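This is start-v1.txt. It holds compact mmCIF, N, CA and C atoms.
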```
# COMPACT_ATOMS: atom_id res chain seq x y z
N MET A 72 -13.01 30.56 33.22
CA MET A 72 -13.08 31.44 32.07
C MET A 72 -12.37 30.82 30.87
N ALA A 73 -11.20 30.23 31.09
CA ALA A 73 -10.46 29.63 29.99
C ALA A 73 -11.23 28.48 29.37
N THR A 74 -11.87 27.66 30.21
CA THR A 74 -12.63 26.53 29.68
C THR A 74 -13.82 27.02 28.87
N GLU A 75 -14.51 28.08 29.36
CA GLU A 75 -15.63 28.63 28.60
C GLU A 75 -15.16 29.08 27.23
N TYR A 76 -14.02 29.74 27.17
CA TYR A 76 -13.50 30.19 25.90
C TYR A 76 -13.21 28.99 25.00
N GLN A 77 -12.59 27.97 25.56
CA GLN A 77 -12.26 26.79 24.78
C GLN A 77 -13.52 26.11 24.27
N LEU A 78 -14.57 26.05 25.09
CA LEU A 78 -15.82 25.44 24.64
C LEU A 78 -16.44 26.24 23.50
N ARG A 79 -16.48 27.55 23.65
CA ARG A 79 -17.03 28.38 22.58
C ARG A 79 -16.17 28.27 21.35
N ASP A 80 -14.87 28.29 21.54
CA ASP A 80 -13.94 28.23 20.44
C ASP A 80 -14.11 26.94 19.64
N TYR A 81 -14.35 25.84 20.30
CA TYR A 81 -14.51 24.58 19.59
C TYR A 81 -15.88 24.48 18.94
N GLY A 82 -16.86 25.13 19.46
CA GLY A 82 -18.20 25.06 18.89
C GLY A 82 -19.19 24.36 19.77
N TYR A 83 -19.13 24.67 21.06
CA TYR A 83 -20.05 24.02 21.99
C TYR A 83 -21.50 24.24 21.58
N GLU A 84 -21.84 25.45 21.12
CA GLU A 84 -23.22 25.75 20.77
C GLU A 84 -23.70 24.82 19.66
N GLU A 85 -22.86 24.60 18.65
CA GLU A 85 -23.24 23.70 17.56
C GLU A 85 -23.37 22.28 18.07
N PHE A 86 -22.44 21.87 18.94
CA PHE A 86 -22.51 20.54 19.53
C PHE A 86 -23.81 20.37 20.31
N SER A 87 -24.15 21.35 21.12
CA SER A 87 -25.36 21.29 21.93
C SER A 87 -26.59 21.23 21.03
N HIS A 88 -26.58 22.02 19.96
CA HIS A 88 -27.68 22.00 19.01
C HIS A 88 -27.82 20.62 18.37
N ARG A 89 -26.71 20.02 17.97
CA ARG A 89 -26.74 18.68 17.36
C ARG A 89 -27.28 17.65 18.34
N LEU A 90 -26.86 17.75 19.59
CA LEU A 90 -27.33 16.81 20.60
C LEU A 90 -28.83 16.98 20.83
N ASP A 91 -29.31 18.23 20.86
CA ASP A 91 -30.75 18.47 21.00
C ASP A 91 -31.52 17.95 19.79
N LEU A 92 -30.98 18.19 18.61
CA LEU A 92 -31.62 17.73 17.39
C LEU A 92 -31.70 16.20 17.37
N THR A 93 -30.62 15.56 17.78
CA THR A 93 -30.60 14.10 17.85
C THR A 93 -31.67 13.60 18.80
N SER A 94 -31.78 14.22 19.94
CA SER A 94 -32.79 13.85 20.92
C SER A 94 -34.20 14.03 20.36
N ASP A 95 -34.41 15.13 19.64
CA ASP A 95 -35.72 15.38 19.03
C ASP A 95 -36.06 14.33 17.99
N VAL A 96 -35.09 13.95 17.17
CA VAL A 96 -35.32 12.92 16.15
C VAL A 96 -35.63 11.59 16.82
N PHE A 97 -34.91 11.26 17.89
CA PHE A 97 -35.20 10.02 18.61
C PHE A 97 -36.62 10.04 19.17
N ASN A 98 -37.06 11.18 19.66
CA ASN A 98 -38.44 11.28 20.15
C ASN A 98 -39.44 11.01 19.04
N LEU A 99 -39.19 11.57 17.85
CA LEU A 99 -40.06 11.30 16.71
C LEU A 99 -40.08 9.82 16.38
N LEU A 100 -38.90 9.21 16.37
CA LEU A 100 -38.81 7.79 16.03
C LEU A 100 -39.52 6.93 17.07
N ARG A 101 -39.43 7.30 18.33
CA ARG A 101 -40.07 6.54 19.41
C ARG A 101 -41.58 6.60 19.32
N GLN A 102 -42.11 7.67 18.76
CA GLN A 102 -43.55 7.84 18.68
C GLN A 102 -44.17 6.93 17.62
N GLY A 103 -43.33 6.22 16.90
CA GLY A 103 -43.84 5.28 15.90
C GLY A 103 -44.39 5.97 14.67
N SER A 104 -43.81 7.08 14.35
CA SER A 104 -44.23 7.83 13.17
C SER A 104 -44.10 6.97 11.92
N ARG A 105 -44.98 7.22 10.96
CA ARG A 105 -44.90 6.48 9.69
C ARG A 105 -43.65 6.88 8.92
N LEU A 106 -43.03 7.95 9.33
CA LEU A 106 -41.81 8.41 8.67
C LEU A 106 -40.57 7.85 9.36
N TYR A 107 -40.75 6.76 10.08
CA TYR A 107 -39.68 6.14 10.87
C TYR A 107 -38.42 5.91 10.04
N LEU A 108 -38.55 5.22 8.93
CA LEU A 108 -37.37 4.88 8.13
C LEU A 108 -36.77 6.09 7.43
N ILE A 109 -37.60 7.09 7.15
CA ILE A 109 -37.09 8.30 6.52
C ILE A 109 -36.25 9.10 7.53
N ASN A 110 -36.67 9.12 8.78
CA ASN A 110 -35.96 9.87 9.82
C ASN A 110 -34.74 9.15 10.36
N LEU A 111 -34.66 7.84 10.17
CA LEU A 111 -33.54 7.08 10.71
C LEU A 111 -32.18 7.56 10.17
N PRO A 112 -32.03 7.79 8.86
CA PRO A 112 -30.74 8.31 8.37
C PRO A 112 -30.39 9.67 8.97
N LEU A 113 -31.41 10.53 9.16
CA LEU A 113 -31.17 11.83 9.79
C LEU A 113 -30.67 11.63 11.21
N ALA A 114 -31.27 10.72 11.93
CA ALA A 114 -30.84 10.44 13.30
C ALA A 114 -29.40 9.93 13.32
N LEU A 115 -29.09 9.03 12.40
CA LEU A 115 -27.71 8.50 12.32
C LEU A 115 -26.72 9.63 12.05
N TYR A 116 -27.06 10.48 11.10
CA TYR A 116 -26.17 11.59 10.75
C TYR A 116 -25.97 12.54 11.92
N GLU A 117 -27.07 12.98 12.52
CA GLU A 117 -26.97 13.93 13.63
C GLU A 117 -26.25 13.33 14.83
N PHE A 118 -26.53 12.06 15.11
CA PHE A 118 -25.90 11.40 16.25
C PHE A 118 -24.40 11.28 16.03
N HIS A 119 -23.99 10.86 14.86
CA HIS A 119 -22.56 10.71 14.60
C HIS A 119 -21.83 12.05 14.57
N ARG A 120 -22.50 13.08 14.08
CA ARG A 120 -21.90 14.42 14.13
C ARG A 120 -21.73 14.89 15.57
N ALA A 121 -22.76 14.67 16.39
CA ALA A 121 -22.69 15.06 17.80
C ALA A 121 -21.58 14.29 18.51
N CYS A 122 -21.43 13.00 18.22
CA CYS A 122 -20.37 12.20 18.85
C CYS A 122 -18.99 12.67 18.43
N LYS A 123 -18.84 13.00 17.16
CA LYS A 123 -17.55 13.50 16.67
C LYS A 123 -17.20 14.83 17.36
N MET A 124 -18.17 15.70 17.45
CA MET A 124 -17.93 16.98 18.10
C MET A 124 -17.68 16.78 19.60
N SER A 125 -18.38 15.82 20.18
CA SER A 125 -18.22 15.51 21.60
C SER A 125 -16.79 15.07 21.89
N ARG A 126 -16.26 14.20 21.05
CA ARG A 126 -14.87 13.74 21.24
C ARG A 126 -13.88 14.91 21.15
N GLY A 127 -14.13 15.82 20.20
CA GLY A 127 -13.28 17.00 20.08
C GLY A 127 -13.38 17.90 21.31
N LEU A 128 -14.58 18.08 21.82
CA LEU A 128 -14.75 18.88 23.03
C LEU A 128 -14.02 18.27 24.21
N ILE A 129 -14.16 16.96 24.37
CA ILE A 129 -13.50 16.28 25.49
C ILE A 129 -11.99 16.44 25.38
N LYS A 130 -11.47 16.26 24.18
CA LYS A 130 -10.02 16.42 23.97
C LYS A 130 -9.59 17.85 24.31
N ASN A 131 -10.36 18.82 23.87
CA ASN A 131 -10.07 20.22 24.12
C ASN A 131 -10.13 20.53 25.61
N ILE A 132 -11.15 20.02 26.27
CA ILE A 132 -11.32 20.26 27.70
C ILE A 132 -10.17 19.65 28.48
N ARG A 133 -9.80 18.42 28.14
CA ARG A 133 -8.70 17.76 28.84
C ARG A 133 -7.39 18.53 28.66
N SER A 134 -7.21 19.16 27.51
CA SER A 134 -5.96 19.88 27.27
C SER A 134 -5.82 21.13 28.14
N VAL A 135 -6.95 21.70 28.59
CA VAL A 135 -6.87 22.90 29.42
C VAL A 135 -7.21 22.64 30.87
N ALA A 136 -7.80 21.49 31.18
CA ALA A 136 -8.27 21.21 32.54
C ALA A 136 -7.13 21.20 33.56
N ALA A 137 -5.97 20.72 33.17
CA ALA A 137 -4.84 20.64 34.10
C ALA A 137 -4.38 22.03 34.54
N PHE A 138 -4.69 23.06 33.75
CA PHE A 138 -4.24 24.41 34.06
C PHE A 138 -5.33 25.24 34.75
N GLU A 139 -6.50 24.66 34.94
CA GLU A 139 -7.60 25.37 35.57
C GLU A 139 -7.41 25.42 37.08
N GLU A 140 -7.92 26.47 37.68
CA GLU A 140 -7.95 26.58 39.14
C GLU A 140 -8.95 25.56 39.66
N PRO A 141 -8.68 24.95 40.82
CA PRO A 141 -9.59 23.93 41.36
C PRO A 141 -11.04 24.40 41.50
N ASP A 142 -11.24 25.63 41.97
CA ASP A 142 -12.61 26.11 42.16
C ASP A 142 -13.35 26.24 40.82
N HIS A 143 -12.65 26.74 39.83
CA HIS A 143 -13.26 26.89 38.51
C HIS A 143 -13.53 25.51 37.90
N LEU A 144 -12.63 24.58 38.10
CA LEU A 144 -12.79 23.24 37.57
C LEU A 144 -14.00 22.56 38.22
N LYS A 145 -14.22 22.84 39.48
CA LYS A 145 -15.38 22.28 40.18
C LYS A 145 -16.68 22.80 39.56
N GLU A 146 -16.71 24.08 39.23
CA GLU A 146 -17.88 24.66 38.56
C GLU A 146 -18.11 24.00 37.21
N ARG A 147 -17.04 23.83 36.46
CA ARG A 147 -17.13 23.20 35.14
C ARG A 147 -17.60 21.75 35.25
N CYS A 148 -17.23 21.10 36.34
CA CYS A 148 -17.60 19.71 36.56
C CYS A 148 -19.13 19.56 36.53
N GLU A 149 -19.84 20.49 37.13
CA GLU A 149 -21.30 20.45 37.12
C GLU A 149 -21.84 20.60 35.70
N PHE A 150 -21.21 21.46 34.93
CA PHE A 150 -21.60 21.67 33.55
C PHE A 150 -21.40 20.38 32.74
N PHE A 151 -20.26 19.72 32.95
CA PHE A 151 -19.96 18.48 32.24
C PHE A 151 -20.92 17.36 32.64
N LYS A 152 -21.36 17.36 33.89
CA LYS A 152 -22.35 16.38 34.34
C LYS A 152 -23.64 16.54 33.53
N GLY A 153 -23.99 17.77 33.22
CA GLY A 153 -25.19 18.02 32.42
C GLY A 153 -25.10 17.41 31.04
N ILE A 154 -23.93 17.52 30.42
CA ILE A 154 -23.74 16.92 29.09
C ILE A 154 -23.82 15.40 29.21
N ARG A 155 -23.14 14.85 30.21
CA ARG A 155 -23.18 13.40 30.42
C ARG A 155 -24.62 12.94 30.61
N ASP A 156 -25.38 13.68 31.39
CA ASP A 156 -26.77 13.32 31.66
C ASP A 156 -27.63 13.38 30.40
N ARG A 157 -27.29 14.28 29.48
CA ARG A 157 -28.02 14.33 28.21
C ARG A 157 -27.82 13.04 27.43
N TYR A 158 -26.60 12.51 27.46
CA TYR A 158 -26.37 11.22 26.80
C TYR A 158 -27.12 10.09 27.51
N PHE A 159 -27.21 10.16 28.84
CA PHE A 159 -27.99 9.17 29.58
C PHE A 159 -29.46 9.23 29.16
N ARG A 160 -29.99 10.45 28.98
CA ARG A 160 -31.39 10.59 28.56
C ARG A 160 -31.59 10.03 27.16
N ILE A 161 -30.63 10.27 26.28
CA ILE A 161 -30.74 9.70 24.93
C ILE A 161 -30.74 8.18 25.01
N SER A 162 -29.91 7.63 25.88
CA SER A 162 -29.88 6.18 26.06
C SER A 162 -31.23 5.67 26.53
N ASP A 163 -31.87 6.40 27.42
CA ASP A 163 -33.21 6.02 27.88
C ASP A 163 -34.22 6.11 26.74
N GLN A 164 -34.08 7.13 25.89
CA GLN A 164 -35.00 7.32 24.78
C GLN A 164 -34.95 6.14 23.81
N ILE A 165 -33.77 5.61 23.57
CA ILE A 165 -33.64 4.57 22.56
C ILE A 165 -33.82 3.16 23.12
N SER A 166 -33.84 3.04 24.44
CA SER A 166 -33.89 1.70 25.03
C SER A 166 -35.20 0.96 24.74
N ASP A 167 -36.27 1.68 24.43
CA ASP A 167 -37.56 1.05 24.14
C ASP A 167 -37.60 0.40 22.76
N SER A 168 -36.74 0.84 21.88
CA SER A 168 -36.79 0.37 20.50
C SER A 168 -35.59 -0.51 20.18
N GLY A 169 -35.86 -1.71 19.73
CA GLY A 169 -34.78 -2.62 19.35
C GLY A 169 -33.95 -2.07 18.21
N LEU A 170 -34.61 -1.46 17.22
CA LEU A 170 -33.88 -0.92 16.06
C LEU A 170 -32.99 0.25 16.48
N LEU A 171 -33.54 1.16 17.27
CA LEU A 171 -32.73 2.30 17.72
C LEU A 171 -31.59 1.84 18.61
N SER A 172 -31.87 0.88 19.48
CA SER A 172 -30.80 0.34 20.34
C SER A 172 -29.71 -0.29 19.51
N PHE A 173 -30.11 -1.00 18.45
CA PHE A 173 -29.13 -1.65 17.58
C PHE A 173 -28.18 -0.62 16.96
N PHE A 174 -28.73 0.49 16.48
CA PHE A 174 -27.91 1.49 15.80
C PHE A 174 -27.16 2.42 16.74
N PHE A 175 -27.74 2.72 17.91
CA PHE A 175 -27.22 3.81 18.71
C PHE A 175 -26.74 3.45 20.11
N LYS A 176 -27.06 2.29 20.61
CA LYS A 176 -26.76 1.93 22.00
C LYS A 176 -25.25 2.02 22.29
N ASN A 177 -24.43 1.39 21.44
CA ASN A 177 -22.98 1.40 21.69
C ASN A 177 -22.41 2.81 21.69
N GLY A 178 -22.80 3.62 20.73
CA GLY A 178 -22.29 4.99 20.65
C GLY A 178 -22.74 5.83 21.83
N THR A 179 -23.98 5.65 22.24
CA THR A 179 -24.50 6.40 23.38
C THR A 179 -23.78 6.00 24.66
N GLU A 180 -23.57 4.71 24.84
CA GLU A 180 -22.85 4.24 26.03
C GLU A 180 -21.41 4.73 26.01
N GLU A 181 -20.78 4.72 24.84
CA GLU A 181 -19.40 5.19 24.72
C GLU A 181 -19.29 6.66 25.09
N MET A 182 -20.20 7.49 24.57
CA MET A 182 -20.16 8.91 24.88
C MET A 182 -20.48 9.16 26.35
N SER A 183 -21.43 8.43 26.88
CA SER A 183 -21.76 8.57 28.31
C SER A 183 -20.54 8.24 29.16
N ASP A 184 -19.84 7.18 28.79
CA ASP A 184 -18.65 6.77 29.53
C ASP A 184 -17.54 7.82 29.43
N GLU A 185 -17.34 8.37 28.23
CA GLU A 185 -16.29 9.37 28.05
C GLU A 185 -16.58 10.63 28.88
N TRP A 186 -17.83 11.08 28.86
CA TRP A 186 -18.19 12.26 29.66
C TRP A 186 -18.13 11.94 31.14
N ASP A 187 -18.50 10.72 31.50
CA ASP A 187 -18.43 10.32 32.91
C ASP A 187 -16.99 10.32 33.40
N GLU A 188 -16.08 9.81 32.57
CA GLU A 188 -14.65 9.83 32.93
C GLU A 188 -14.15 11.26 33.06
N LEU A 189 -14.58 12.13 32.16
CA LEU A 189 -14.17 13.53 32.24
C LEU A 189 -14.69 14.17 33.53
N VAL A 190 -15.93 13.88 33.88
CA VAL A 190 -16.50 14.40 35.12
C VAL A 190 -15.68 13.91 36.31
N GLU A 191 -15.37 12.62 36.34
CA GLU A 191 -14.57 12.07 37.44
C GLU A 191 -13.20 12.75 37.51
N ASP A 192 -12.54 12.88 36.36
CA ASP A 192 -11.22 13.51 36.34
C ASP A 192 -11.28 14.96 36.81
N CYS A 193 -12.32 15.67 36.40
CA CYS A 193 -12.46 17.07 36.82
C CYS A 193 -12.77 17.17 38.30
N CYS A 194 -13.57 16.26 38.82
CA CYS A 194 -13.86 16.26 40.27
C CYS A 194 -12.60 15.98 41.07
N ILE A 195 -11.81 15.04 40.60
CA ILE A 195 -10.54 14.74 41.27
C ILE A 195 -9.59 15.93 41.14
N GLY A 196 -9.53 16.51 39.93
CA GLY A 196 -8.65 17.64 39.70
C GLY A 196 -9.06 18.90 40.45
N SER A 197 -10.32 18.97 40.84
CA SER A 197 -10.78 20.16 41.57
C SER A 197 -10.52 20.04 43.07
N ASP A 198 -10.07 18.89 43.52
CA ASP A 198 -9.74 18.69 44.93
C ASP A 198 -8.33 19.23 45.18
N LYS A 199 -8.24 20.28 45.97
CA LYS A 199 -6.95 20.95 46.20
C LYS A 199 -5.93 20.02 46.86
N GLU A 200 -6.37 19.17 47.77
CA GLU A 200 -5.44 18.26 48.44
C GLU A 200 -4.85 17.24 47.46
N ILE A 201 -5.69 16.72 46.60
CA ILE A 201 -5.20 15.75 45.61
C ILE A 201 -4.24 16.43 44.65
N ARG A 202 -4.55 17.63 44.22
CA ARG A 202 -3.65 18.36 43.32
C ARG A 202 -2.29 18.61 43.97
N GLU A 203 -2.31 18.97 45.24
CA GLU A 203 -1.06 19.20 45.96
C GLU A 203 -0.25 17.91 46.06
N LEU A 204 -0.94 16.81 46.34
CA LEU A 204 -0.27 15.52 46.43
C LEU A 204 0.35 15.12 45.09
N ILE A 205 -0.38 15.31 44.02
CA ILE A 205 0.15 15.01 42.67
C ILE A 205 1.36 15.89 42.37
N LYS A 206 1.30 17.15 42.75
CA LYS A 206 2.42 18.07 42.54
C LYS A 206 3.65 17.61 43.30
N GLN A 207 3.45 17.15 44.55
CA GLN A 207 4.58 16.66 45.35
C GLN A 207 5.18 15.39 44.75
N ILE A 208 4.32 14.52 44.28
CA ILE A 208 4.82 13.28 43.65
C ILE A 208 5.61 13.61 42.40
N ALA A 209 5.11 14.56 41.59
CA ALA A 209 5.81 14.94 40.37
C ALA A 209 7.16 15.57 40.67
N GLU A 210 7.24 16.34 41.73
CA GLU A 210 8.50 16.98 42.10
C GLU A 210 9.53 15.97 42.59
N ASN A 211 9.07 14.91 43.24
CA ASN A 211 9.96 13.89 43.77
C ASN A 211 10.36 12.83 42.76
N ALA A 212 9.67 12.80 41.65
CA ALA A 212 9.96 11.75 40.66
C ALA A 212 11.17 12.05 39.82
```
Please rewrite the model in this file as C-alpha cells.
Amino acid sequence: MATEYQLRDYGYEEFSHRLDLTSDVFNLLRQGSRLYLINLPLALYEFHRACKMSRGLIKNIRSVAAFEEPDHLKERCEFFKGIRDRYFRISDQISDSGLLSFFFKNGTEEMSDEWDELVEDCCIGSDKEIRELIKQIAENA
C-alpha cells in the first residue's frame, strides 16, 4: 500500500503515459513514415522525460522499499518487472533502425538496467530469510 501511494504521489500515471507515448512514436518512426525527421525530436523529448521520471520513481521506490513487508514487496516486484519489460520492448523497437539506436540505445539500456537492478533488489528484499540475516548482521556490527 505504501509503495502504491508513493508511485501515485510521484506521478506514475504520467510516467506510464510518457513511456507509452514514446513507444508509439518509435512505432511510427519504425514504419518509415515520411514524417520521420519531424517525429524524431518528439521521440527524443518524450523519451528523455520518461527517463527522468523513471529515475525519480526508482529513487522514490528505493526510499520506501526497505520498510515494506516482504510479501508486499514481492507483489511490487512483479509490477516493477513489467516496467523493466516495457524498456526491453522499446529496445527491441529501436534495434532495427541505426538512427534510432544511435539516439536511444544507451538510454534504453541504462533504464532497463536500473529497473532490472530494482527488481533484483526487491526480490532479494522480499525473501524473509535474507531480511532476517541482514537484520542479524546489522545488529552484530
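Residue nearest A:Trp186 within the list A:Thr93, A:Ala121, A:Ile208, A:Lys152: A:Lys152 [criterion: smallest interatomic distance, all atoms listed in the file].
The coordinates place atom CA of A:Ile154 at 14.9 Å from atom CA of A:Asp192.
For the atom pair formed by atom CA of A:Arg202 and atom N of A:His143, the distance is 12.8 Å, given to one decimal.
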Test item: residues at most 8 Å from A:Lys145, all atoms listed in the file, excluding those fewer than 2 positions along its chain, as an mmCIF file with N, CA and C atoms, in the coordinates of the input:
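Listing of part34.cif after writing:
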```
data_model
loop_
_atom_site.group_PDB
_atom_site.id
_atom_site.type_symbol
_atom_site.label_atom_id
_atom_site.label_comp_id
_atom_site.auth_asym_id
_atom_site.auth_seq_id
_atom_site.Cartn_x
_atom_site.Cartn_y
_atom_site.Cartn_z
ATOM 1 N N GLU A 139 -6.500 24.660 34.940
ATOM 2 C CA GLU A 139 -7.600 25.370 35.570
ATOM 3 C C GLU A 139 -7.410 25.420 37.080
ATOM 4 N N GLU A 140 -7.920 26.470 37.680
ATOM 5 C CA GLU A 140 -7.950 26.580 39.140
ATOM 6 C C GLU A 140 -8.950 25.560 39.660
ATOM 7 N N PRO A 141 -8.680 24.950 40.820
ATOM 8 C CA PRO A 141 -9.590 23.930 41.360
ATOM 9 C C PRO A 141 -11.040 24.400 41.500
ATOM 10 N N ASP A 142 -11.240 25.630 41.970
ATOM 11 C CA ASP A 142 -12.610 26.110 42.160
ATOM 12 C C ASP A 142 -13.350 26.240 40.820
ATOM 13 N N HIS A 143 -12.650 26.740 39.830
ATOM 14 C CA HIS A 143 -13.260 26.890 38.510
ATOM 15 C C HIS A 143 -13.530 25.510 37.900
ATOM 16 N N ARG A 147 -17.040 23.830 36.460
ATOM 17 C CA ARG A 147 -17.130 23.200 35.140
ATOM 18 C C ARG A 147 -17.600 21.750 35.250
ATOM 19 N N CYS A 148 -17.230 21.100 36.340
ATOM 20 C CA CYS A 148 -17.600 19.710 36.560
ATOM 21 C C CYS A 148 -19.130 19.560 36.530
ATOM 22 N N GLU A 149 -19.840 20.490 37.130
ATOM 23 C CA GLU A 149 -21.300 20.450 37.120
ATOM 24 C C GLU A 149 -21.840 20.600 35.700
ATOM 25 N N PHE A 150 -21.210 21.460 34.930
ATOM 26 C CA PHE A 150 -21.600 21.670 33.550
ATOM 27 C C PHE A 150 -21.400 20.380 32.740
ATOM 28 N N CYS A 193 -12.320 15.670 36.400
ATOM 29 C CA CYS A 193 -12.460 17.070 36.820
ATOM 30 C C CYS A 193 -12.770 17.170 38.300
ATOM 31 N N CYS A 194 -13.570 16.260 38.820
ATOM 32 C CA CYS A 194 -13.860 16.260 40.270
ATOM 33 C C CYS A 194 -12.600 15.980 41.070
ATOM 34 N N GLY A 196 -9.530 16.510 39.930
ATOM 35 C CA GLY A 196 -8.650 17.640 39.700
ATOM 36 C C GLY A 196 -9.060 18.900 40.450
ATOM 37 N N SER A 197 -10.320 18.970 40.840
ATOM 38 C CA SER A 197 -10.780 20.160 41.570
ATOM 39 C C SER A 197 -10.520 20.040 43.070
ATOM 40 N N ASP A 198 -10.070 18.890 43.520
ATOM 41 C CA ASP A 198 -9.740 18.690 44.930
ATOM 42 C C ASP A 198 -8.330 19.230 45.180
#
```
Which protein, DNA or RNA residues are at most 8 Å from (-24.5, 5.6, 26.6) in the file's coordinates when you count only N, CA and C atoms, listed as a list in words? Tyr158, Phe159, Arg160, Ile161, Ser162, Asp163, Phe175, Lys176, Asn177, Gly178, Thr179, Glu180, Glu181, Met182, Ser183, Asp184 and Glu185 of chain A
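Comparing A:Leu170, A:Glu117, A:Ile129, A:Lys199 by their smallest distance to A:Asp187, the closest is A:Ile129 (using only C-alpha atoms).
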Record the distance separating atom CA of A:Gly127 and atom CA of A:Ser172, expressed in Å with one decimal. 24.2 Å
